[in-house]
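Colleague: The file below is query_0.cif, mmCIF, C-alpha atoms and all ligand atoms:
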data_final
loop_
_atom_site.label_atom_id
_atom_site.label_comp_id
_atom_site.auth_asym_id
_atom_site.auth_seq_id
_atom_site.Cartn_x
_atom_site.Cartn_y
_atom_site.Cartn_z
CA SER A 173 7.94 13.35 70.64
CA ASN A 174 10.66 13.34 68.03
CA GLN A 175 13.70 11.22 68.90
CA PHE A 176 15.79 12.47 65.96
CA ASN A 177 17.25 15.88 66.81
CA TYR A 178 20.32 17.98 66.17
CA ILE A 179 22.74 18.35 69.05
CA ASN A 180 25.73 20.57 68.22
CA ASN A 181 24.86 20.44 64.52
CA GLN A 182 24.95 16.64 64.53
CA LEU A 183 21.75 14.70 63.95
CA HIS A 184 21.17 12.20 66.75
CA ALA A 185 18.94 9.22 67.37
CA GLU A 186 18.15 9.63 71.07
CA ASP A 187 21.62 10.15 72.63
CA VAL A 188 23.71 8.72 69.80
CA SER A 189 25.01 10.66 66.82
CA LEU A 190 24.13 9.16 63.47
CA SER A 191 27.71 9.81 62.30
CA ASP A 192 28.95 7.46 65.00
CA ILE A 193 26.47 4.82 63.90
CA ALA A 194 27.57 5.16 60.27
CA ALA A 195 31.21 4.89 61.30
CA VAL A 196 30.56 1.52 62.95
CA HIS A 197 27.74 0.00 60.94
CA GLU A 198 28.28 1.69 57.57
CA THR A 199 25.58 2.72 55.12
CA PRO A 200 22.90 2.26 53.99
CA CYS A 201 21.57 1.52 57.45
CA TYR A 202 18.16 1.79 59.06
CA VAL A 203 18.22 3.34 62.53
CA TYR A 204 15.28 2.92 64.92
CA SER A 205 14.60 4.58 68.25
CA ARG A 206 13.31 2.34 71.00
CA ALA A 207 11.98 5.36 72.90
CA ALA A 208 9.93 6.47 69.89
CA LEU A 209 8.45 2.99 69.51
CA THR A 210 7.59 2.86 73.19
CA GLU A 211 6.07 6.34 73.28
CA GLY A 212 3.79 5.61 70.34
CA PHE A 213 2.55 2.39 71.88
CA ARG A 214 1.96 4.07 75.24
CA GLU A 215 -0.08 6.83 73.59
CA PHE A 216 -2.43 4.13 72.35
CA SER A 217 -2.66 2.28 75.62
CA ASP A 218 -3.07 5.46 77.68
CA ALA A 219 -5.86 6.71 75.43
CA LEU A 220 -7.58 3.32 75.75
CA GLN A 221 -7.33 3.12 79.55
CA GLY A 222 -10.50 1.72 81.03
CA ARG A 223 -11.67 0.20 77.77
CA GLU A 224 -11.14 -3.48 77.05
CA HIS A 225 -8.77 -3.44 74.09
CA LEU A 226 -5.91 -5.07 72.21
CA ILE A 227 -3.41 -3.17 70.09
CA CYS A 228 -2.33 -5.51 67.31
CA TYR A 229 0.73 -3.98 65.68
CA ALA A 230 0.57 -4.51 61.89
CA VAL A 231 3.74 -6.53 61.34
CA LYS A 232 3.98 -5.67 57.65
CA ALA A 233 4.98 -2.10 58.49
CA ASN A 234 8.28 -3.29 59.93
CA ALA A 235 8.85 -6.93 60.80
CA ASN A 236 12.28 -6.76 62.43
CA LEU A 237 12.33 -9.11 65.42
CA ALA A 238 13.68 -6.43 67.74
CA ILE A 239 10.76 -4.15 66.91
CA LEU A 240 8.26 -6.96 67.40
CA ASN A 241 9.95 -7.79 70.70
CA VAL A 242 9.75 -4.19 71.96
CA PHE A 243 6.02 -4.20 71.28
CA ALA A 244 5.49 -7.71 72.69
CA ARG A 245 7.09 -6.60 75.95
CA LEU A 246 4.67 -3.68 76.09
CA GLY A 247 1.77 -6.13 75.83
CA ALA A 248 0.99 -5.72 72.14
CA GLY A 249 -0.82 -8.19 69.98
CA PHE A 250 -0.03 -8.50 66.28
CA ASP A 251 -1.87 -8.27 62.97
CA ILE A 252 -0.27 -10.70 60.54
CA VAL A 253 -0.87 -11.37 56.86
CA SER A 254 1.23 -14.48 56.28
CA GLY A 255 2.57 -17.59 57.94
CA GLY A 256 5.98 -15.99 57.76
CA GLU A 257 4.84 -13.02 59.83
CA LEU A 258 3.37 -15.43 62.39
CA GLN A 259 6.72 -17.19 62.69
CA ARG A 260 8.45 -13.85 63.21
CA VAL A 261 5.98 -12.92 65.95
CA LEU A 262 6.60 -16.21 67.74
CA ALA A 263 10.38 -15.93 67.30
CA ALA A 264 10.24 -12.44 68.79
CA GLY A 265 8.41 -13.60 71.92
CA GLY A 266 4.94 -12.50 70.85
CA ASP A 267 1.84 -14.22 72.20
CA ALA A 268 -0.09 -16.23 69.59
CA ARG A 269 -3.28 -15.68 71.58
CA LYS A 270 -3.02 -11.99 70.74
CA VAL A 271 -2.63 -12.48 66.99
CA VAL A 272 -5.20 -11.61 64.34
CA PHE A 273 -4.66 -12.93 60.84
CA SER A 274 -5.73 -10.69 57.92
CA GLY A 275 -5.29 -11.10 54.18
CA VAL A 276 -7.25 -12.19 51.13
CA GLY A 277 -5.12 -15.19 50.16
CA LYS A 278 -4.53 -17.37 53.23
CA THR A 279 -3.28 -20.79 52.15
CA ARG A 280 -4.26 -24.04 53.86
CA ALA A 281 -0.73 -24.35 55.23
CA GLU A 282 -0.94 -20.87 56.73
CA MET A 283 -4.31 -21.67 58.30
CA ARG A 284 -2.88 -24.84 59.86
CA LEU A 285 0.11 -22.96 61.22
CA ALA A 286 -2.14 -20.34 62.79
CA LEU A 287 -4.58 -22.92 64.22
CA ASP A 288 -1.68 -24.87 65.70
CA ALA A 289 -0.27 -21.75 67.29
CA GLY A 290 -3.71 -20.89 68.69
CA ILE A 291 -4.22 -17.38 67.33
CA LEU A 292 -6.99 -15.10 68.57
CA CYS A 293 -8.90 -14.60 65.35
CA PHE A 294 -8.92 -15.02 61.58
CA ASN A 295 -10.12 -11.94 59.72
CA VAL A 296 -11.89 -13.73 56.89
CA GLU A 297 -12.17 -11.88 53.58
CA SER A 298 -14.45 -14.06 51.41
CA ALA A 299 -17.09 -16.80 51.33
CA ALA A 300 -14.57 -19.24 49.85
CA GLU A 301 -12.19 -18.54 52.69
CA LEU A 302 -14.93 -19.35 55.23
CA ASP A 303 -15.38 -22.76 53.63
CA ARG A 304 -11.66 -23.42 53.43
CA LEU A 305 -11.05 -22.42 57.04
CA ASN A 306 -13.96 -24.55 58.24
CA GLU A 307 -12.56 -27.53 56.37
CA VAL A 308 -8.97 -27.03 57.61
CA ALA A 309 -10.08 -26.53 61.22
CA GLY A 310 -12.32 -29.61 60.96
CA SER A 311 -9.45 -31.73 59.70
CA MET A 312 -7.44 -30.70 62.77
CA GLY A 313 -10.32 -31.18 65.20
CA LYS A 314 -10.22 -27.48 66.02
CA ILE A 315 -12.60 -24.55 66.08
CA ALA A 316 -11.36 -21.37 64.35
CA ALA A 317 -12.40 -18.01 65.81
CA ILE A 318 -13.41 -15.61 63.04
CA SER A 319 -14.34 -12.08 62.16
CA LEU A 320 -15.50 -11.11 58.73
CA ARG A 321 -13.58 -8.22 57.28
CA VAL A 322 -16.34 -6.01 56.02
CA ASN A 323 -15.72 -3.50 53.27
CA PRO A 324 -17.71 -0.47 54.40
CA ASP A 325 -17.37 1.34 51.05
CA VAL A 326 -16.06 4.60 52.45
CA ASP A 327 -13.46 6.82 50.84
CA ALA A 328 -10.31 6.98 52.94
CA LYS A 329 -9.10 9.98 50.93
CA THR A 330 -5.60 8.61 50.66
CA HIS A 331 -3.36 7.40 47.82
CA PRO A 332 -5.34 5.00 45.60
CA TYR A 333 -2.70 2.27 46.00
CA ILE A 334 -3.18 2.21 49.77
CA SER A 335 -6.93 2.77 49.90
CA THR A 336 -8.68 -0.48 50.71
CA GLY A 337 -12.23 0.25 51.86
CA LEU A 338 -13.93 1.07 48.58
CA LYS A 339 -16.30 -1.26 46.72
CA GLN A 340 -13.84 -1.63 43.87
CA ASN A 341 -11.01 -2.87 46.15
CA LYS A 342 -10.17 -6.56 46.52
CA PHE A 343 -10.40 -6.44 50.31
CA GLY A 344 -13.07 -7.71 52.64
CA VAL A 345 -16.60 -8.91 51.96
CA ALA A 346 -19.13 -6.59 50.38
CA TYR A 347 -21.13 -4.58 52.87
CA THR A 348 -24.39 -5.80 51.37
CA GLU A 349 -23.37 -9.46 51.66
CA ALA A 350 -21.91 -9.35 55.15
CA VAL A 351 -25.01 -10.39 57.10
CA ALA A 352 -25.70 -13.33 54.81
CA LEU A 353 -22.09 -14.46 55.20
CA TYR A 354 -22.32 -14.25 58.98
CA ARG A 355 -25.41 -16.46 58.79
CA LYS A 356 -23.46 -18.89 56.65
CA ALA A 357 -20.54 -18.84 59.10
CA SER A 358 -22.85 -19.50 62.02
CA GLY A 359 -23.85 -22.74 60.32
CA LEU A 360 -20.28 -23.99 59.84
CA LYS A 361 -19.39 -26.21 62.75
CA ASN A 362 -15.66 -25.62 62.94
CA LEU A 363 -15.97 -21.86 63.04
CA ARG A 364 -16.84 -19.64 65.98
CA ILE A 365 -17.91 -16.07 65.23
CA THR A 366 -16.14 -13.70 67.59
CA GLY A 367 -16.00 -10.31 65.90
CA MET A 368 -16.22 -7.95 62.98
CA ASP A 369 -13.28 -6.33 61.25
CA CYS A 370 -12.70 -3.46 58.88
CA HIS A 371 -9.67 -1.61 57.55
CA ILE A 372 -10.23 1.19 55.07
CA GLY A 373 -6.76 2.29 54.06
CA SER A 374 -3.48 3.68 55.18
CA GLN A 375 -1.95 7.11 55.83
CA LEU A 376 -5.33 8.66 56.68
CA THR A 377 -4.95 12.21 57.88
CA GLU A 378 -8.53 12.82 59.04
CA THR A 379 -10.79 11.01 61.48
CA SER A 380 -13.99 11.38 59.44
CA PRO A 381 -13.51 8.29 57.20
CA PHE A 382 -12.88 6.14 60.30
CA ILE A 383 -16.07 7.45 61.87
CA ALA A 384 -18.05 6.88 58.68
CA ALA A 385 -16.80 3.28 58.63
CA ILE A 386 -17.70 2.71 62.28
CA GLU A 387 -21.21 4.01 61.76
CA LYS A 388 -21.76 1.61 58.89
CA ILE A 389 -20.20 -1.32 60.75
CA LEU A 390 -22.39 -0.73 63.81
CA LEU A 391 -25.54 -1.03 61.70
CA LEU A 392 -24.41 -4.53 60.78
CA VAL A 393 -23.51 -5.36 64.37
CA ASP A 394 -27.05 -4.46 65.41
CA GLU A 395 -28.61 -6.43 62.60
CA LEU A 396 -26.59 -9.48 63.62
CA ALA A 397 -27.55 -9.02 67.26
CA SER A 398 -31.22 -9.03 66.29
CA GLU A 399 -30.61 -12.42 64.67
CA GLY A 400 -28.91 -13.74 67.79
CA ILE A 401 -25.34 -13.40 66.52
CA ALA A 402 -23.47 -11.56 69.28
CA LEU A 403 -19.95 -10.27 68.72
CA GLU A 404 -17.20 -10.16 71.34
CA HIS A 405 -14.91 -7.71 69.60
CA LEU A 406 -14.73 -5.01 66.98
CA ASP A 407 -11.50 -4.72 65.01
CA LEU A 408 -11.21 -1.30 63.39
CA GLY A 409 -7.97 -1.99 61.54
CA GLY A 410 -5.09 0.44 61.21
CA GLY A 411 -4.55 3.39 58.92
CA LEU A 412 -3.75 6.41 61.05
CA GLY A 413 -1.31 8.60 59.10
CA ILE A 414 1.88 10.36 60.11
CA CYS A 415 3.56 13.59 59.15
CA TYR A 416 6.09 13.07 56.32
CA ASP A 417 6.05 16.63 55.03
CA ASP A 418 3.24 19.01 55.89
CA GLU A 419 0.39 16.60 56.66
CA THR A 420 -1.47 17.24 59.89
CA PRO A 421 -2.92 13.91 60.97
CA PRO A 422 -4.76 13.75 64.29
CA ALA A 423 -2.65 12.77 67.28
CA ILE A 424 -3.11 9.20 68.50
CA GLY A 425 -5.10 10.43 71.50
CA GLU A 426 -7.44 12.48 69.32
CA TYR A 427 -7.96 9.59 66.95
CA ILE A 428 -8.81 7.22 69.82
CA ALA A 429 -11.13 9.78 71.39
CA ALA A 430 -12.98 10.08 68.07
CA LEU A 431 -13.29 6.29 67.75
CA LEU A 432 -14.51 5.93 71.32
CA GLY A 433 -17.04 8.69 70.73
CA ALA A 434 -18.49 6.81 67.78
CA LEU A 435 -18.53 3.60 69.85
CA GLN A 436 -20.48 5.04 72.77
CA GLY A 437 -22.68 2.49 74.47
CA ARG A 438 -20.85 -0.41 72.84
CA THR A 439 -19.24 -2.93 75.13
CA GLN A 440 -17.30 -5.06 72.68
CA LYS A 441 -13.56 -5.36 73.14
CA LEU A 442 -11.82 -2.97 70.76
CA ILE A 443 -9.01 -4.27 68.55
CA LEU A 444 -6.83 -1.94 66.48
CA GLU A 445 -4.15 -2.77 63.91
CA PRO A 446 -1.85 0.27 63.74
CA GLY A 447 1.32 -0.07 61.70
CA ARG A 448 2.77 3.11 60.24
CA VAL A 449 1.88 5.39 63.15
CA LEU A 450 3.83 3.19 65.57
CA VAL A 451 7.02 2.86 63.55
CA GLY A 452 7.10 5.42 60.72
CA ASN A 453 8.68 8.29 62.57
CA ALA A 454 10.65 5.94 64.82
CA GLY A 455 13.13 5.19 62.05
CA VAL A 456 15.44 6.83 59.53
CA LEU A 457 17.50 5.49 56.67
CA LEU A 458 21.09 6.56 56.89
CA THR A 459 22.89 6.93 53.57
CA ARG A 460 26.12 8.44 52.26
CA VAL A 461 26.66 10.67 49.24
CA GLU A 462 28.86 8.77 46.79
CA TYR A 463 28.98 11.35 44.01
CA ILE A 464 27.83 14.83 43.26
CA LYS A 465 26.99 14.99 39.56
CA PRO A 466 26.19 18.41 38.17
CA GLY A 467 23.82 18.09 35.20
CA GLU A 468 22.66 20.42 32.48
CA GLU A 469 19.26 20.83 34.08
CA LYS A 470 19.60 19.26 37.47
CA ASN A 471 22.26 18.44 39.99
CA PHE A 472 22.30 14.88 41.21
CA ALA A 473 23.38 13.67 44.59
CA ILE A 474 24.02 9.98 44.07
CA VAL A 475 23.72 8.18 47.39
CA ASP A 476 24.38 4.61 48.46
CA ALA A 477 20.73 3.87 49.33
CA ALA A 478 18.31 3.12 46.53
CA MET A 479 14.78 2.12 45.64
CA ASN A 480 15.57 -1.44 46.73
CA ASP A 481 16.15 -0.10 50.26
CA LEU A 482 13.26 2.39 50.31
CA MET A 483 10.69 1.79 47.64
CA ARG A 484 8.06 4.34 48.67
CA PRO A 485 9.27 7.27 46.55
CA ALA A 486 9.52 5.12 43.41
CA LEU A 487 6.26 3.27 44.04
CA TYR A 488 3.96 6.01 45.33
CA ASP A 489 5.91 9.14 44.57
CA ALA A 490 6.00 9.40 48.36
CA TYR A 491 7.81 12.27 50.06
CA HIS A 492 10.46 11.60 52.70
CA GLY A 493 12.38 14.41 54.34
CA ILE A 494 16.14 14.31 53.72
CA LEU A 495 18.39 15.91 56.31
CA PRO A 496 22.15 16.30 56.44
CA VAL A 497 23.54 14.29 59.35
CA VAL A 498 26.11 17.00 59.99
CA ARG A 499 25.30 20.64 59.36
CA GLU A 500 28.30 21.62 57.23
CA ALA A 501 29.29 24.86 55.53
CA HIS A 502 28.90 23.76 51.91
CA ALA A 503 27.03 25.82 49.32
CA VAL A 504 23.33 25.09 49.37
CA GLN A 505 22.12 23.68 46.08
CA SER A 506 19.05 21.93 44.78
CA TYR A 507 19.63 18.21 44.26
CA GLU A 508 17.87 15.23 42.84
CA VAL A 509 18.75 12.66 45.49
CA VAL A 510 19.04 9.37 43.63
CA GLY A 511 20.35 5.85 44.13
CA PRO A 512 22.71 3.78 41.99
CA ILE A 513 20.00 1.51 40.53
CA CYS A 514 19.51 1.46 36.78
CA GLU A 515 16.01 2.92 36.71
CA THR A 516 14.88 6.50 36.29
CA GLY A 517 12.38 5.80 39.07
CA ASP A 518 15.24 5.20 41.48
CA PHE A 519 15.03 8.41 43.45
CA ILE A 520 14.77 9.24 47.12
CA GLY A 521 13.81 12.89 46.73
CA HIS A 522 13.39 15.59 44.09
CA ALA A 523 14.67 19.17 44.21
CA ARG A 524 16.03 19.11 47.76
CA GLU A 525 17.97 22.10 49.00
CA LEU A 526 21.03 20.62 50.66
CA ALA A 527 24.47 21.76 51.81
CA ILE A 528 26.44 18.63 50.99
CA ALA A 529 29.61 17.31 49.37
CA PRO A 530 30.81 13.84 48.38
CA HIS A 531 30.96 11.63 51.48
CA SER A 532 28.33 13.65 53.37
CA LEU A 533 25.86 11.57 55.33
CA LEU A 534 22.13 12.03 54.85
CA ALA A 535 19.20 10.83 56.92
CA VAL A 536 16.07 9.89 55.03
CA MET A 537 13.36 10.63 57.54
CA SER A 538 10.12 8.82 58.46
CA ALA A 539 11.52 5.58 57.07
CA GLY A 540 10.56 3.23 59.90
CA ALA A 541 7.34 2.03 58.24
CA TYR A 542 7.21 0.21 54.91
CA GLY A 543 10.93 0.85 54.39
CA MET A 544 12.93 -2.24 55.25
CA SER A 545 9.81 -4.39 55.09
CA MET A 546 9.35 -3.58 51.39
CA SER A 547 13.02 -3.75 50.50
CA SER A 548 14.36 -6.07 47.82
CA ASN A 549 17.62 -7.34 46.39
CA TYR A 550 17.18 -5.70 42.99
CA ASN A 551 20.53 -5.21 41.24
CA THR A 552 21.93 -7.83 43.65
CA ARG A 553 22.13 -5.28 46.39
CA PRO A 554 22.42 -6.79 49.85
CA ARG A 555 19.78 -5.48 52.20
CA ALA A 556 20.77 -2.73 54.61
CA ALA A 557 21.82 -3.26 58.21
CA GLU A 558 19.32 -2.27 60.91
CA VAL A 559 20.21 -0.86 64.30
CA MET A 560 18.11 0.12 67.28
CA VAL A 561 19.16 2.92 69.58
CA ASP A 562 18.11 2.78 73.22
CA GLY A 563 19.36 5.85 75.06
CA THR A 564 23.12 5.75 74.61
CA ALA A 565 23.19 2.11 73.49
CA VAL A 566 23.28 1.00 69.86
CA HIS A 567 22.14 -2.53 69.04
CA LEU A 568 22.71 -4.13 65.66
CA VAL A 569 19.30 -5.80 65.15
CA ARG A 570 19.92 -7.10 61.66
CA GLU A 571 23.27 -7.64 60.01
CA ARG A 572 23.85 -6.26 56.57
CA GLU A 573 23.26 -9.03 54.04
CA THR A 574 26.25 -10.42 52.19
CA VAL A 575 26.33 -11.13 48.47
CA PRO A 576 26.98 -14.89 48.96
CA GLN A 577 23.78 -15.05 51.05
CA LEU A 578 21.89 -13.58 48.13
CA PHE A 579 22.64 -16.45 45.77
CA SER A 580 23.20 -19.26 48.24
CA GLY A 581 19.98 -20.99 47.13
CA GLU A 582 20.81 -20.83 43.44
CA LYS A 583 22.47 -23.46 41.25
CA THR A 584 23.89 -23.56 37.77
CA LEU A 585 22.89 -26.46 35.48
CA ALA A 586 24.81 -29.68 36.07
N1 LIG B 1 -4.49 -3.84 58.90
C1 LIG B 1 -4.60 -4.24 57.63
C2 LIG B 1 -5.57 -5.28 57.28
C3 LIG B 1 -3.79 -3.66 56.63
O1 LIG B 1 -3.91 -4.06 55.38
C4 LIG B 1 -2.86 -2.66 56.99
C5 LIG B 1 -1.98 -2.05 55.99
C6 LIG B 1 -2.77 -2.29 58.35
C7 LIG B 1 -3.60 -2.88 59.27
C8 LIG B 1 -1.81 -1.24 58.84
O2 LIG B 1 -2.06 -0.01 58.27
P1 LIG B 1 -1.26 1.28 58.76
O3 LIG B 1 -1.66 1.55 60.21
O4 LIG B 1 0.18 0.99 58.64
O5 LIG B 1 -1.72 2.34 57.85
N2 LIG B 1 3.10 0.12 51.65
C9 LIG B 1 2.21 1.25 51.84
C10 LIG B 1 1.19 0.98 52.93
C11 LIG B 1 0.37 -0.27 52.72
C12 LIG B 1 -0.59 -0.55 53.83
C13 LIG B 1 -1.15 -1.92 53.69
N3 LIG B 1 -2.05 -2.32 54.74
C14 LIG B 1 3.05 2.49 52.12
O6 LIG B 1 4.27 2.40 52.11
O7 LIG B 1 2.50 3.57 52.30
#
As structure tokens - that is how I would like this structure written.
Modeller:
Amino acid sequence: SNQFNYINNQLHAEDVSLSDIAAVHETPCYVYSRAALTEGFREFSDALQGREHLICYAVKANANLAILNVFARLGAGFDIVSGGELQRVLAAGGDARKVVFSGVGKTRAEMRLALDAGILCFNVESAAELDRLNEVAGSMGKIAAISLRVNPDVDAKTHPYISTGLKQNKFGVAYTEAVALYRKASGLKNLRITGMDCHIGSQLTETSPFIAAIEKILLLVDELASEGIALEHLDLGGGLGICYDDETPPAIGEYIAALLGALQGRTQKLILEPGRVLVGNAGVLLTRVEYIKPGEEKNFAIVDAAMNDLMRPALYDAYHGILPVVREAHAVQSYEVVGPICETGDFIGHARELAIAPHSLLAVMSAGAYGMSMSSNYNTRPRAAEVMVDGTAVHLVRERETVPQLFSGEKTLA
């Protein structure tokens, strides 16, 4: 359910008005709802009742420690793509034995860190990575558990920048080479084959590409079984989309039912790596109108959040809803909602009908996923504060950065 609703013309996160949050924590500020995070996770675990499974939240979607901690307490595992994400998971109380490590460029140092922590599985993306991991594990006297991330060559029908399961993408091992690579892995003494992995893209709004991928993956699983290579788990990645505007993605329960249908008769433990669907609509970006600038062709609402805070509109031309925090009686006009950064691409939304004035607060919706985690310090802008609402309580879960922090590691020439 939606945890961001109007009560007496004031937009709330759970039981707290966003105006009150802005008054205390200022803007720009990300606001997350603990209830929304919890509900999403429970939808997954309820739908998977009775099936051996592990829900590995994709940390890259939002890596705030409080978010990781909420999921860890619910029993989540984590999908990481760097040593840094592993350290966040551990700092947030996550269990290393529930961590899968994806990514095409794992360094030796990252492999050592993950082997030391005792993660569940490396999702290996190339032949060279198999050799490197075998060597690193050998040097530590350890055995690394692995899956191969197989590229099933299916079209996820999503934005090309976030589509990953096509032949031309850099991700995973080619479908036609997968069996040979499993054979190779089975001959490397510091590796133990435990599963197969695939992830075809993000913000998918239909189940059919997932099903197409599963069907292709299962053919490989059977071929391996006939060669005596048995798998303990199947990792089907993440990718389930959310509604930003008028998309109609399947509900979590429907998506799981479709996956389980395609997996009938299979006994392997099921691993999933959802990111966006768990956090996207559990967060908003709160921002204040600094100026209203009428133009010859367009009116601009210049707000205090920018592309460094939320990069998705600039990078993917992504749509995010923009709502007034207080429903006020101003004239409704069409605005280009833009930030203060010196780039034409610095926009949050185009042609939005809004009843606002200088100092009005706006909520940029569906900003919980790939918002803060993709933020930067461009234009020497300190990163936004982050708060988590839990019922009537408001927790500051990340302080706003200060400018001295931004250049504390820099030095002028002696
Ligand atoms: N597993 C792997 C291996 C991934 O690469 C990803 C996302 C996920 C899981 C989680 O996917 P999700 O459930 O969140 O769709 N920055 C883009 C999205 C990039 C997704 C990258 N990989 C955006 O803002 O739309």
Colleague: For atom CA of Arg364 of chain A and atom CA of Ser319 of chain A, determine how far apart the two atoms are, in Å to one decimal place.
Modeller: 8.8 Å
Colleague: Which residues, written as a ChimeraX atom specification, have at least one atom at most 10 Å from Tyr427 of chain A, with only C-alpha atoms counted and residues fewer than 2 positions away on the same chain left out?
Modeller: /A:216,219,377-380,382-383,412,421-425,429-433
Colleague: Counting all atoms listed in the file, what are the residues, protein, DNA or RNA alike, that approach ligand LIG 1 (chain B) to within 8 Å? I want them as a PyMOL selection string.
Modeller: chain A and resi 229-230+232-233+251+253+274-275+333-334+336+370-371+373-376+409-413+444-450+483-484+488+490+541-543+546
Colleague: For a quick check of your reading of the model, name the residues lying within 12 Å of the coordinate (-9.6, -7.9, 50.0), counting all atoms listed in the file, and write them as a PyMOL selection string.
Modeller: chain A and resi 253+274-278+295-299+301+320-324+334-346+369-373
Colleague: Find the spatial neighbours of segment 180-194 of chain A, counting only C-alpha atoms, within a cut-off of 6 Å - ignore same-chain residues fewer than 6 positions away - and output them as a PDB file with C-alpha atoms, keeping the file's coordinate frame.
Modeller:
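The result, stored in out_15.pdb:
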ATOM      1  CA  VAL A 497      23.540  14.290  59.350  1.00  0.00           C
ATOM      2  CA  VAL A 498      26.110  17.000  59.990  1.00  0.00           C
ATOM      3  CA  ARG A 499      25.300  20.640  59.360  1.00  0.00           C
ATOM      4  CA  GLY A 563      19.360   5.850  75.060  1.00  0.00           C
ATOM      5  CA  THR A 564      23.120   5.750  74.610  1.00  0.00           C
TER       6      THR A 564
END
